[in-house]
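Q: Provided herewith: entry_2.cif, mmCIF, C-alpha atoms and all ligand atoms.
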data_data
loop_
_atom_site.group_PDB
_atom_site.id
_atom_site.type_symbol
_atom_site.label_atom_id
_atom_site.label_comp_id
_atom_site.auth_asym_id
_atom_site.auth_seq_id
_atom_site.Cartn_x
_atom_site.Cartn_y
_atom_site.Cartn_z
ATOM 1 C CA MET D 1 0.000 0.000 0.000
ATOM 2 C CA VAL D 2 1.222 3.497 -0.855
ATOM 3 C CA THR D 3 1.330 6.225 1.771
ATOM 4 C CA PRO D 4 -1.390 8.835 1.171
ATOM 5 C CA VAL D 5 -0.210 12.127 -0.308
ATOM 6 C CA THR D 6 1.271 14.701 2.044
ATOM 7 C CA PRO D 7 -0.704 17.916 1.485
ATOM 8 C CA ASN D 8 1.414 20.983 0.674
ATOM 9 C CA ARG D 9 4.742 19.127 0.857
ATOM 10 C CA PHE D 10 5.730 20.894 -2.393
ATOM 11 C CA ALA D 11 3.603 24.027 -1.992
ATOM 12 C CA GLY D 12 5.085 26.987 -3.853
ATOM 13 C CA GLN D 13 7.596 24.783 -5.665
ATOM 14 C CA THR D 14 8.097 24.200 -9.385
ATOM 15 C CA ALA D 15 8.940 20.682 -10.552
ATOM 16 C CA ILE D 16 9.961 19.374 -13.966
ATOM 17 C CA VAL D 17 9.063 15.736 -14.664
ATOM 18 C CA THR D 18 10.100 13.914 -17.836
ATOM 19 C CA GLY D 19 8.266 10.869 -19.153
ATOM 20 C CA ALA D 20 5.159 12.315 -17.495
ATOM 21 C CA GLY D 21 2.715 10.876 -20.003
ATOM 22 C CA SER D 22 2.740 7.351 -18.603
ATOM 23 C CA GLY D 23 3.757 5.006 -15.823
ATOM 24 C CA ILE D 24 6.215 6.199 -13.194
ATOM 25 C CA GLY D 25 6.591 9.707 -14.643
ATOM 26 C CA LYS D 26 2.841 10.258 -14.761
ATOM 27 C CA ALA D 27 2.358 9.022 -11.184
ATOM 28 C CA THR D 28 5.223 11.288 -10.070
ATOM 29 C CA ALA D 29 3.846 14.355 -11.865
ATOM 30 C CA VAL D 30 0.386 13.765 -10.390
ATOM 31 C CA ARG D 31 1.694 13.245 -6.869
ATOM 32 C CA LEU D 32 3.919 16.328 -6.969
ATOM 33 C CA ALA D 33 0.975 18.415 -8.198
ATOM 34 C CA GLN D 34 -1.376 16.910 -5.603
ATOM 35 C CA GLU D 35 1.166 17.906 -2.955
ATOM 36 C CA GLY D 36 1.166 21.521 -4.123
ATOM 37 C CA ALA D 37 3.806 21.814 -6.853
ATOM 38 C CA ARG D 38 3.466 23.572 -10.151
ATOM 39 C CA VAL D 39 4.500 20.783 -12.510
ATOM 40 C CA ILE D 40 6.118 21.071 -15.937
ATOM 41 C CA ALA D 41 5.276 17.702 -17.470
ATOM 42 C CA GLY D 42 7.333 16.542 -20.447
ATOM 43 C CA ASP D 43 6.779 13.618 -22.808
ATOM 44 C CA VAL D 44 7.424 12.733 -26.438
ATOM 45 C CA LEU D 45 3.766 11.771 -26.969
ATOM 46 C CA PRO D 46 1.471 14.831 -26.889
ATOM 47 C CA ALA D 47 -1.695 12.694 -26.691
ATOM 48 C CA ARG D 48 -0.527 11.254 -23.372
ATOM 49 C CA LEU D 49 0.141 14.722 -21.979
ATOM 50 C CA GLN D 50 -3.321 15.850 -23.098
ATOM 51 C CA GLU D 51 -4.826 12.833 -21.354
ATOM 52 C CA LEU D 52 -2.918 13.762 -18.177
ATOM 53 C CA VAL D 53 -4.316 17.304 -18.042
ATOM 54 C CA ASP D 54 -7.800 16.110 -19.019
ATOM 55 C CA GLN D 55 -7.678 13.556 -16.213
ATOM 56 C CA TYR D 56 -6.497 16.075 -13.599
ATOM 57 C CA PRO D 57 -8.005 19.439 -14.619
ATOM 58 C CA ASP D 58 -7.683 20.874 -11.100
ATOM 59 C CA LEU D 59 -3.937 20.278 -10.776
ATOM 60 C CA ASP D 60 -1.307 22.863 -11.752
ATOM 61 C CA ILE D 61 0.241 20.885 -14.625
ATOM 62 C CA HIS D 62 1.790 22.507 -17.713
ATOM 63 C CA THR D 63 2.830 20.292 -20.590
ATOM 64 C CA VAL D 64 5.808 20.389 -22.948
ATOM 65 C CA ASP D 65 5.937 17.761 -25.674
ATOM 66 C CA GLY D 66 9.180 16.751 -27.309
ATOM 67 C CA ASP D 67 11.886 14.127 -27.515
ATOM 68 C CA ILE D 68 14.111 14.445 -24.433
ATOM 69 C CA SER D 69 17.124 13.338 -26.478
ATOM 70 C CA ARG D 70 16.872 16.646 -28.403
ATOM 71 C CA GLU D 71 18.331 19.719 -26.764
ATOM 72 C CA ASP D 72 15.492 22.014 -27.844
ATOM 73 C CA THR D 73 13.149 19.906 -25.693
ATOM 74 C CA THR D 74 15.337 20.488 -22.649
ATOM 75 C CA THR D 75 15.395 24.192 -23.422
ATOM 76 C CA ARG D 76 11.594 24.347 -23.667
ATOM 77 C CA LEU D 77 11.114 22.389 -20.431
ATOM 78 C CA VAL D 78 13.364 24.792 -18.546
ATOM 79 C CA ALA D 79 11.807 27.863 -20.191
ATOM 80 C CA ALA D 80 8.359 26.686 -19.067
ATOM 81 C CA ALA D 81 9.602 26.656 -15.472
ATOM 82 C CA ASN D 82 10.133 30.409 -15.737
ATOM 83 C CA ASN D 83 13.371 30.766 -13.771
ATOM 84 C CA ARG D 84 12.203 28.756 -10.775
ATOM 85 C CA ILE D 85 13.119 25.070 -10.457
ATOM 86 C CA ASP D 86 12.910 23.292 -7.120
ATOM 87 C CA VAL D 87 12.606 19.695 -8.295
ATOM 88 C CA VAL D 88 13.659 17.758 -11.389
ATOM 89 C CA ALA D 89 12.441 14.181 -11.769
ATOM 90 C CA ASN D 90 14.250 12.587 -14.719
ATOM 91 C CA VAL D 91 11.979 9.644 -15.451
ATOM 92 C CA ALA D 92 11.777 9.253 -19.255
ATOM 93 C CA GLY D 93 13.464 6.081 -20.444
ATOM 94 C CA VAL D 94 13.271 3.307 -23.017
ATOM 95 C CA MET D 95 14.351 -0.340 -23.149
ATOM 96 C CA ASP D 96 16.687 -2.003 -25.624
ATOM 97 C CA GLY D 97 15.129 -5.287 -26.736
ATOM 98 C CA PHE D 98 17.473 -7.127 -24.323
ATOM 99 C CA LEU D 99 20.195 -7.146 -27.018
ATOM 100 C CA PRO D 100 23.632 -8.372 -25.821
ATOM 101 C CA VAL D 101 26.793 -6.694 -27.078
ATOM 102 C CA ALA D 102 27.336 -8.963 -30.103
ATOM 103 C CA GLU D 103 23.797 -8.191 -31.303
ATOM 104 C CA VAL D 104 23.262 -4.532 -30.472
ATOM 105 C CA ASP D 105 23.015 -2.137 -33.449
ATOM 106 C CA ASP D 106 24.228 1.458 -33.385
ATOM 107 C CA ALA D 107 20.703 2.873 -33.737
ATOM 108 C CA THR D 108 19.494 1.056 -30.609
ATOM 109 C CA TRP D 109 22.604 2.046 -28.635
ATOM 110 C CA GLU D 110 22.330 5.695 -29.651
ATOM 111 C CA ARG D 111 18.571 5.924 -29.057
ATOM 112 C CA VAL D 112 18.809 4.332 -25.616
ATOM 113 C CA PHE D 113 21.754 6.513 -24.582
ATOM 114 C CA GLY D 114 20.178 9.647 -26.081
ATOM 115 C CA ILE D 115 16.980 9.232 -24.079
ATOM 116 C CA ASN D 116 18.173 7.484 -20.910
ATOM 117 C CA ILE D 117 21.308 9.493 -20.162
ATOM 118 C CA THR D 118 22.164 12.325 -22.596
ATOM 119 C CA GLY D 119 18.743 13.951 -22.237
ATOM 120 C CA MET D 120 18.985 13.545 -18.464
ATOM 121 C CA MET D 121 22.431 15.174 -18.404
ATOM 122 C CA ARG D 122 21.209 18.108 -20.512
ATOM 123 C CA LEU D 123 18.210 18.717 -18.276
ATOM 124 C CA CYS D 124 20.460 18.632 -15.182
ATOM 125 C CA ARG D 125 22.928 20.953 -16.944
ATOM 126 C CA ALA D 126 20.203 23.487 -17.691
ATOM 127 C CA ALA D 127 18.410 23.203 -14.343
ATOM 128 C CA VAL D 128 21.339 23.278 -11.905
ATOM 129 C CA PRO D 129 22.241 26.993 -12.350
ATOM 130 C CA ILE D 130 18.586 27.977 -11.864
ATOM 131 C CA MET D 131 18.299 25.767 -8.775
ATOM 132 C CA ALA D 132 21.526 27.192 -7.383
ATOM 133 C CA ALA D 133 20.355 30.763 -7.973
ATOM 134 C CA GLY D 134 17.170 29.923 -6.068
ATOM 135 C CA GLY D 135 19.072 28.550 -3.066
ATOM 136 C CA GLY D 136 18.999 24.852 -3.969
ATOM 137 C CA GLY D 137 16.769 22.049 -5.116
ATOM 138 C CA ALA D 138 16.412 18.313 -5.554
ATOM 139 C CA ILE D 139 17.063 16.120 -8.578
ATOM 140 C CA VAL D 140 15.813 12.538 -8.688
ATOM 141 C CA ASN D 141 17.017 10.366 -11.570
ATOM 142 C CA VAL D 142 15.398 7.061 -12.441
ATOM 143 C CA THR D 143 17.873 4.260 -12.949
ATOM 144 C CA SER D 144 16.856 0.584 -12.781
ATOM 145 C CA GLU D 145 17.732 -2.814 -11.392
ATOM 146 C CA ALA D 146 19.789 -2.838 -14.604
ATOM 147 C CA GLY D 147 21.860 -0.015 -13.130
ATOM 148 C CA LEU D 148 22.797 -2.264 -10.226
ATOM 149 C CA ARG D 149 23.504 -5.582 -11.932
ATOM 150 C CA GLY D 150 24.352 -7.117 -15.290
ATOM 151 C CA GLY D 151 21.428 -9.481 -15.688
ATOM 152 C CA ALA D 152 18.313 -7.337 -15.990
ATOM 153 C CA ALA D 153 18.273 -6.023 -19.604
ATOM 154 C CA GLY D 154 20.390 -5.715 -22.735
ATOM 155 C CA VAL D 155 23.793 -4.026 -22.935
ATOM 156 C CA ALA D 156 22.615 -0.564 -24.017
ATOM 157 C CA TYR D 157 19.979 -0.240 -21.309
ATOM 158 C CA THR D 158 22.291 -1.728 -18.660
ATOM 159 C CA ALA D 159 25.153 0.620 -19.573
ATOM 160 C CA SER D 160 22.855 3.660 -19.741
ATOM 161 C CA LYS D 161 21.331 2.922 -16.334
ATOM 162 C CA HIS D 162 24.798 2.431 -14.796
ATOM 163 C CA ALA D 163 25.641 5.838 -16.310
ATOM 164 C CA VAL D 164 22.608 7.357 -14.573
ATOM 165 C CA ILE D 165 24.167 6.364 -11.254
ATOM 166 C CA GLY D 166 27.484 7.990 -12.193
ATOM 167 C CA LEU D 167 25.717 11.184 -13.249
ATOM 168 C CA THR D 168 23.777 11.166 -9.985
ATOM 169 C CA ARG D 169 26.746 10.658 -7.685
ATOM 170 C CA ASN D 170 28.985 13.188 -9.433
ATOM 171 C CA THR D 171 26.230 15.812 -9.454
ATOM 172 C CA SER D 172 25.532 15.227 -5.756
ATOM 173 C CA VAL D 173 29.188 15.853 -4.904
ATOM 174 C CA MET D 174 29.707 18.857 -7.172
ATOM 175 C CA TYR D 175 26.671 20.875 -6.092
ATOM 176 C CA SER D 176 26.004 19.965 -2.467
ATOM 177 C CA ALA D 177 27.482 23.270 -1.250
ATOM 178 C CA GLN D 178 24.881 25.030 -3.396
ATOM 179 C CA GLY D 179 22.017 23.227 -1.694
ATOM 180 C CA ILE D 180 21.327 20.863 -4.575
ATOM 181 C CA ARG D 181 20.670 17.242 -3.714
ATOM 182 C CA CYS D 182 20.845 14.580 -6.423
ATOM 183 C CA ASN D 183 19.636 11.029 -5.852
ATOM 184 C CA ALA D 184 18.480 8.075 -7.920
ATOM 185 C CA VAL D 185 15.671 5.562 -7.606
ATOM 186 C CA ALA D 186 16.186 2.040 -8.943
ATOM 187 C CA PRO D 187 12.893 0.329 -9.754
ATOM 188 C CA GLY D 188 12.624 -3.418 -10.163
ATOM 189 C CA GLY D 189 9.639 -4.590 -12.215
ATOM 190 C CA VAL D 190 6.849 -2.014 -12.449
ATOM 191 C CA GLN D 191 3.470 -2.290 -14.167
ATOM 192 C CA THR D 192 3.621 0.467 -16.826
ATOM 193 C CA ASN D 193 3.431 0.900 -20.597
ATOM 194 C CA ILE D 194 7.171 0.398 -21.135
ATOM 195 C CA GLU D 195 7.882 -1.722 -24.214
ATOM 196 C CA ALA D 196 10.272 -4.539 -23.394
ATOM 197 C CA PRO D 197 10.301 -7.072 -26.236
ATOM 198 C CA MET D 198 12.817 -9.893 -25.866
ATOM 199 C CA LEU D 199 14.548 -9.671 -29.277
ATOM 200 C CA SER D 200 17.507 -11.895 -28.480
ATOM 201 C CA PRO D 201 17.205 -15.680 -28.136
ATOM 202 C CA LEU D 202 20.508 -15.635 -26.220
ATOM 203 C CA ALA D 203 19.163 -13.119 -23.710
ATOM 204 C CA GLY D 204 15.942 -15.096 -23.447
ATOM 205 C CA SER D 205 17.790 -18.264 -22.557
ATOM 206 C CA VAL D 206 20.159 -16.540 -20.106
ATOM 207 C CA LEU D 207 17.704 -14.172 -18.386
ATOM 208 C CA GLY D 208 14.413 -16.053 -18.801
ATOM 209 C CA PRO D 209 14.957 -18.475 -15.913
ATOM 210 C CA VAL D 210 16.144 -15.640 -13.635
ATOM 211 C CA PHE D 211 13.046 -13.558 -14.321
ATOM 212 C CA GLN D 212 10.728 -16.537 -13.831
ATOM 213 C CA HIS D 213 12.067 -17.748 -10.522
ATOM 214 C CA VAL D 214 13.926 -14.968 -8.766
ATOM 215 C CA VAL D 215 12.381 -11.606 -9.492
ATOM 216 C CA PRO D 216 9.855 -10.265 -6.923
ATOM 217 C CA PRO D 217 6.321 -9.291 -8.017
ATOM 218 C CA VAL D 218 5.909 -6.109 -10.038
ATOM 219 C CA ALA D 219 5.212 -2.837 -8.255
ATOM 220 C CA THR D 220 2.793 -0.050 -9.115
ATOM 221 C CA ALA D 221 3.890 3.247 -10.636
ATOM 222 C CA GLU D 222 2.429 4.965 -7.561
ATOM 223 C CA GLN D 223 4.827 3.034 -5.306
ATOM 224 C CA LEU D 224 7.736 4.372 -7.348
ATOM 225 C CA ALA D 225 6.281 7.895 -7.282
ATOM 226 C CA ALA D 226 6.197 7.658 -3.487
ATOM 227 C CA ALA D 227 9.946 6.930 -3.413
ATOM 228 C CA ILE D 228 10.770 9.639 -5.966
ATOM 229 C CA THR D 229 8.727 12.346 -4.234
ATOM 230 C CA TRP D 230 10.126 11.372 -0.848
ATOM 231 C CA LEU D 231 13.686 11.850 -2.120
ATOM 232 C CA ALA D 232 12.654 15.168 -3.691
ATOM 233 C CA SER D 233 11.024 16.395 -0.472
ATOM 234 C CA PRO D 234 12.453 18.091 2.623
ATOM 235 C CA ASP D 235 11.950 14.738 4.412
ATOM 236 C CA ALA D 236 15.133 13.657 2.614
ATOM 237 C CA ALA D 237 17.040 16.896 3.303
ATOM 238 C CA ASN D 238 20.120 15.021 4.562
ATOM 239 C CA ILE D 239 20.180 12.526 1.707
ATOM 240 C CA THR D 240 22.182 13.055 -1.459
ATOM 241 C CA GLY D 241 24.167 10.803 -3.783
ATOM 242 C CA VAL D 242 22.212 7.667 -2.891
ATOM 243 C CA VAL D 243 20.615 5.052 -5.101
ATOM 244 C CA LEU D 244 17.357 3.975 -3.493
ATOM 245 C CA ALA D 245 16.119 0.614 -4.730
ATOM 246 C CA SER D 246 12.344 0.275 -4.821
ATOM 247 C CA ASP D 247 12.250 -3.265 -6.094
ATOM 248 C CA GLY D 248 10.548 -5.538 -3.575
ATOM 249 C CA GLY D 249 13.951 -6.727 -2.417
ATOM 250 C CA TRP D 250 15.343 -7.853 -5.788
ATOM 251 C CA SER D 251 18.641 -6.023 -5.208
ATOM 252 C CA ALA D 252 19.081 -7.728 -1.853
ATOM 253 C CA LEU D 253 19.148 -11.193 -3.409
HETATM 254 N N1 LIG Q 301 8.567 -0.403 -15.786
HETATM 255 C C1 LIG Q 301 9.620 -1.015 -15.260
HETATM 256 O O1 LIG Q 301 9.575 -2.225 -14.937
HETATM 257 C C2 LIG Q 301 10.903 -0.245 -15.012
HETATM 258 C C3 LIG Q 301 11.925 -0.880 -14.300
HETATM 259 C C4 LIG Q 301 13.110 -0.202 -14.057
HETATM 260 C C5 LIG Q 301 13.260 1.099 -14.517
HETATM 261 N N2 LIG Q 301 12.255 1.698 -15.209
HETATM 262 C C6 LIG Q 301 12.480 3.065 -15.668
HETATM 263 O O2 LIG Q 301 11.412 3.894 -15.258
HETATM 264 C C7 LIG Q 301 11.321 4.994 -16.155
HETATM 265 C C8 LIG Q 301 9.864 5.193 -16.546
HETATM 266 O O3 LIG Q 301 9.442 4.063 -17.284
HETATM 267 P P1 LIG Q 301 7.959 3.484 -17.211
HETATM 268 O O4 LIG Q 301 8.079 2.056 -16.843
HETATM 269 O O5 LIG Q 301 7.089 4.381 -16.430
HETATM 270 O O6 LIG Q 301 7.616 3.501 -18.777
HETATM 271 P P2 LIG Q 301 6.422 4.105 -19.630
HETATM 272 O O7 LIG Q 301 6.725 3.703 -21.026
HETATM 273 O O8 LIG Q 301 5.099 3.737 -19.055
HETATM 274 O O9 LIG Q 301 6.618 5.679 -19.468
HETATM 275 C C9 LIG Q 301 7.726 6.338 -20.021
HETATM 276 C C10 LIG Q 301 7.279 7.628 -20.681
HETATM 277 O O10 LIG Q 301 8.444 8.229 -21.255
HETATM 278 C C11 LIG Q 301 8.091 8.720 -22.515
HETATM 279 N N3 LIG Q 301 9.238 8.793 -23.402
HETATM 280 C C12 LIG Q 301 9.805 7.772 -24.108
HETATM 281 N N4 LIG Q 301 10.763 8.230 -24.893
HETATM 282 C C13 LIG Q 301 10.816 9.565 -24.692
HETATM 283 C C14 LIG Q 301 11.590 10.591 -25.252
HETATM 284 N N5 LIG Q 301 12.478 10.346 -26.217
HETATM 285 N N6 LIG Q 301 11.393 11.854 -24.819
HETATM 286 C C15 LIG Q 301 10.461 12.127 -23.882
HETATM 287 N N7 LIG Q 301 9.676 11.198 -23.329
HETATM 288 C C16 LIG Q 301 9.852 9.925 -23.741
HETATM 289 C C17 LIG Q 301 7.055 7.750 -23.059
HETATM 290 O O11 LIG Q 301 6.255 8.336 -24.082
HETATM 291 C C18 LIG Q 301 6.273 7.401 -21.809
HETATM 292 O O12 LIG Q 301 5.123 8.218 -21.667
HETATM 293 C C19 LIG Q 301 12.277 4.692 -17.310
HETATM 294 O O13 LIG Q 301 13.463 5.431 -17.134
HETATM 295 C C20 LIG Q 301 12.536 3.215 -17.173
HETATM 296 O O14 LIG Q 301 13.792 2.857 -17.702
HETATM 297 C C21 LIG Q 301 11.087 1.064 -15.463
#
Please re-express this file's structure in structure tokens.
A:
Amino acid sequence: MVTPVTPNRFAGQTAIVTGAGSGIGKATAVRLAQEGARVIAGDVLPARLQELVDQYPDLDIHTVDGDISREDTTTRLVAAANNRIDVVANVAGVMDGFLPVAEVDDATWERVFGINITGMMRLCRAAVPIMAAGGGGAIVNVTSEAGLRGGAAGVAYTASKHAVIGLTRNTSVMYSAQGIRCNAVAPGGVQTNIEAPMLSPLAGSVLGPVFQHVVPPVATAEQLAAAITWLASPDAANITGVVLASDGGWSAL
């Protein structure tokens, strides 16, 4: 069960959430707005963003559609925040067909890295000076079980989610004196719309048995939003540079 929302926890704050049209990003955007934030919600699919605002007409949600791997999208997300950024939740991400290194093509590698890490870096790069000028802020980056181990996805996704952890830790160190905290959440399996076709017979034979017998039950997007918003909130004021697994215990195995 997910803790009920904490009224006004983000009152007066502005939050940018990527991947806000579905799954974990949507649940995070909704929760931040329900707790008082003005939310800039980004996604590559405008129809999903429209559905979000139609579903929650009373919440303070502003949408920006665009591909996060393109720098103009980052620029528009930050411009919509209007020189005030308290929270950035970098949630947008895509899978890689579970392709191992001998099978991965350049297009898959570049797409996965562009969305999962380069876009995230650019949004942090643009947001950090604004956060610092405002006295600080909190960044929460979504990594994955695949950021913690080698047997949860293909090589591109695994490498990109390991990179998310490096980005998170370095950013936490570099900007802590400016009041900016930077943490990551590592989901295990979560019920969302993420597309995760198993395109590699090798990966299927290696990972299939692990997924069938070892992996804990899938979580809800709202459970992940609870972890992300907690790390973004003053409740986590003394926490920076951590990777918080929300995975039903998978990472403890
Ligand atoms: N679902 C899981 O089991 C799981 C597990 C571990 C980590 N994650 C991570 O959680 C994050 C959210 O995934 P989800 O499961 O909620 O998936 P989802 O597909 O339900 O939601 C992701 C959203 O990101 C958007 N998006 C995709 N490409 C984009 C782009 N180029 N630019 C902007 N937006 C884009 C999609 O349109 C979608 O609305 C991802 O980073 C994913 O890697 C998910």
Q: Name the residues, by chain letter and number, that sit within 7 Å of ligand LIG 301 (chain Q) using only C-alpha atoms and all ligand atoms, and give them as an MDAnalysis selection string.
A: chainID D and resid 18:25 42:45 48 66:69 91:95 115:116 142:145 186:195 221
Q: Which one is closest to D:Val218: D:Ala15, D:Met198, D:Ser246, D:Ser233? Count only C-alpha atoms.
A: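 Ranking D:Ala15, D:Met198, D:Ser246, D:Ser233 by distance to D:Val218, first place goes to D:Ser246.
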Q: Counting all atoms listed in the file, which residues sit no farther than 10 Å from the position (11.4, -12.9, -9.2) in the file's frame? I'd like them as a list in words.
A: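 I get Gly188, Gly189, Pro209, Val210, Phe211, Gln212, His213, Val214, Val215, Pro216, Pro217, Val218, Gly248, Gly249, Trp250 and Leu253 of chain D for the residues within 10 Å of that point.
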Q: Of the candidates D:Ala47, D:Gly119, D:Val101, D:Ile85, which one gets nearest to D:Ala159 if we count all atoms listed in the file?
A: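 Of D:Ala47, D:Gly119, D:Val101, D:Ile85, the one nearest D:Ala159, counting all atoms listed in the file, is D:Val101.
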Q: I'd like the interatomic distance between atom CA of D:Val104 and atom CA of D:Gly154, to a tenth of an Å.
A: 8.3 Å
Q: Tell me which residues the PyMOL selection byres (((chain D and resi 11) around 7) and not hetatm) grabs here, as an MDAnalysis selection string.
A: chainID D and resid 8:10 12:13 35:37
Q: Suppose you want the space between atom CA of D:Leu77 and atom CA of D:Ile139; what is it in Å?
A: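 Distance reported for this atom pair: 14.7 Å.
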Q: What do you get, as a list in words, if you spell out every residue that the PyMOL selection byres (((chain D and resi 239) around 12) and not hetatm) selects here?
A: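 Here the PyMOL selection byres (((chain D and resi 239) around 12) and not hetatm) matches Ala138, Ile139, Val140, Arg169, Ser172, Val173, Ser176, Gly179, Ile180, Arg181, Cys182, Asn183, Ala184, Trp230, Leu231, Ala232, Ser233, Pro234, Asp235, Ala236, Ala237, Asn238, Thr240, Gly241, Val242, Val243 and Leu244 of chain D.
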Q: Which polymer residues, whether protein, DNA or RNA, lie within 10 Å of the coordinate (21.9, 6.4, -20.3) when you count only C-alpha atoms? List them as a list of chain:residue names, using the chain letters and numbers from the file.
A: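 Protein, DNA and RNA residues close to (21.9, 6.4, -20.3): D:Gly93, D:Val94, D:Trp109, D:Glu110, D:Arg111, D:Val112, D:Phe113, D:Gly114, D:Ile115, D:Asn116, D:Ile117, D:Thr118, D:Gly119, D:Met120, D:Met121, D:Thr143, D:Gly147, D:Ala156, D:Tyr157, D:Thr158, D:Ala159, D:Ser160, D:Lys161, D:His162, D:Ala163, D:Val164, D:Ile165, D:Gly166, D:Leu167.
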Q: Keeping C-alpha atoms for every residue in the selection just given, could you write it to a file as a PDB file, in the coordinates of the input?
A:
ATOM      1  CA  GLY D  93      13.464   6.081 -20.444  1.00  0.00           C
ATOM      2  CA  VAL D  94      13.271   3.307 -23.017  1.00  0.00           C
ATOM      3  CA  TRP D 109      22.604   2.046 -28.635  1.00  0.00           C
ATOM      4  CA  GLU D 110      22.330   5.695 -29.651  1.00  0.00           C
ATOM      5  CA  ARG D 111      18.571   5.924 -29.057  1.00  0.00           C
ATOM      6  CA  VAL D 112      18.809   4.332 -25.616  1.00  0.00           C
ATOM      7  CA  PHE D 113      21.754   6.513 -24.582  1.00  0.00           C
ATOM      8  CA  GLY D 114      20.178   9.647 -26.081  1.00  0.00           C
ATOM      9  CA  ILE D 115      16.980   9.232 -24.079  1.00  0.00           C
ATOM     10  CA  ASN D 116      18.173   7.484 -20.910  1.00  0.00           C
ATOM     11  CA  ILE D 117      21.308   9.493 -20.162  1.00  0.00           C
ATOM     12  CA  THR D 118      22.164  12.325 -22.596  1.00  0.00           C
ATOM     13  CA  GLY D 119      18.743  13.951 -22.237  1.00  0.00           C
ATOM     14  CA  MET D 120      18.985  13.545 -18.464  1.00  0.00           C
ATOM     15  CA  MET D 121      22.431  15.174 -18.404  1.00  0.00           C
ATOM     16  CA  THR D 143      17.873   4.260 -12.949  1.00  0.00           C
ATOM     17  CA  GLY D 147      21.860  -0.015 -13.130  1.00  0.00           C
ATOM     18  CA  ALA D 156      22.615  -0.564 -24.017  1.00  0.00           C
ATOM     19  CA  TYR D 157      19.979  -0.240 -21.309  1.00  0.00           C
ATOM     20  CA  THR D 158      22.291  -1.728 -18.660  1.00  0.00           C
ATOM     21  CA  ALA D 159      25.153   0.620 -19.573  1.00  0.00           C
ATOM     22  CA  SER D 160      22.855   3.660 -19.741  1.00  0.00           C
ATOM     23  CA  LYS D 161      21.331   2.922 -16.334  1.00  0.00           C
ATOM     24  CA  HIS D 162      24.798   2.431 -14.796  1.00  0.00           C
ATOM     25  CA  ALA D 163      25.641   5.838 -16.310  1.00  0.00           C
ATOM     26  CA  VAL D 164      22.608   7.357 -14.573  1.00  0.00           C
ATOM     27  CA  ILE D 165      24.167   6.364 -11.254  1.00  0.00           C
ATOM     28  CA  GLY D 166      27.484   7.990 -12.193  1.00  0.00           C
ATOM     29  CA  LEU D 167      25.717  11.184 -13.249  1.00  0.00           C
TER      30      LEU D 167
END
Q: Counting only C-alpha atoms, which of D:Ala153, D:Leu99, D:Val88, D:Ala133 gets nearest to D:Val39?
A: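 So, comparing all the options, the nearest one is D:Val88.
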Q: For each of D:Val17, D:Ala196, D:Ala27, D:Ala203, take the minimum atom-to-atom distance to D:Gln223, counting all atoms listed in the file, then give the residue where this is smallest.
A: D:Ala27
Q: Would you list the contacts of D:Ala80 as a PyMOL selection string, taking every protein, DNA or RNA residue within 8 Å and counting all atoms listed in the file, but skipping same-chain residues closer than 4 positions in sequence?
A: chain D and resi 40+62+64+76
Q: Tell me which of D:Val155, D:Ile16, D:Ala33, D:Ala226 sits closest to D:Asp106, counting all atoms listed in the file.
A: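 So, comparing all the options, the nearest one is D:Val155.
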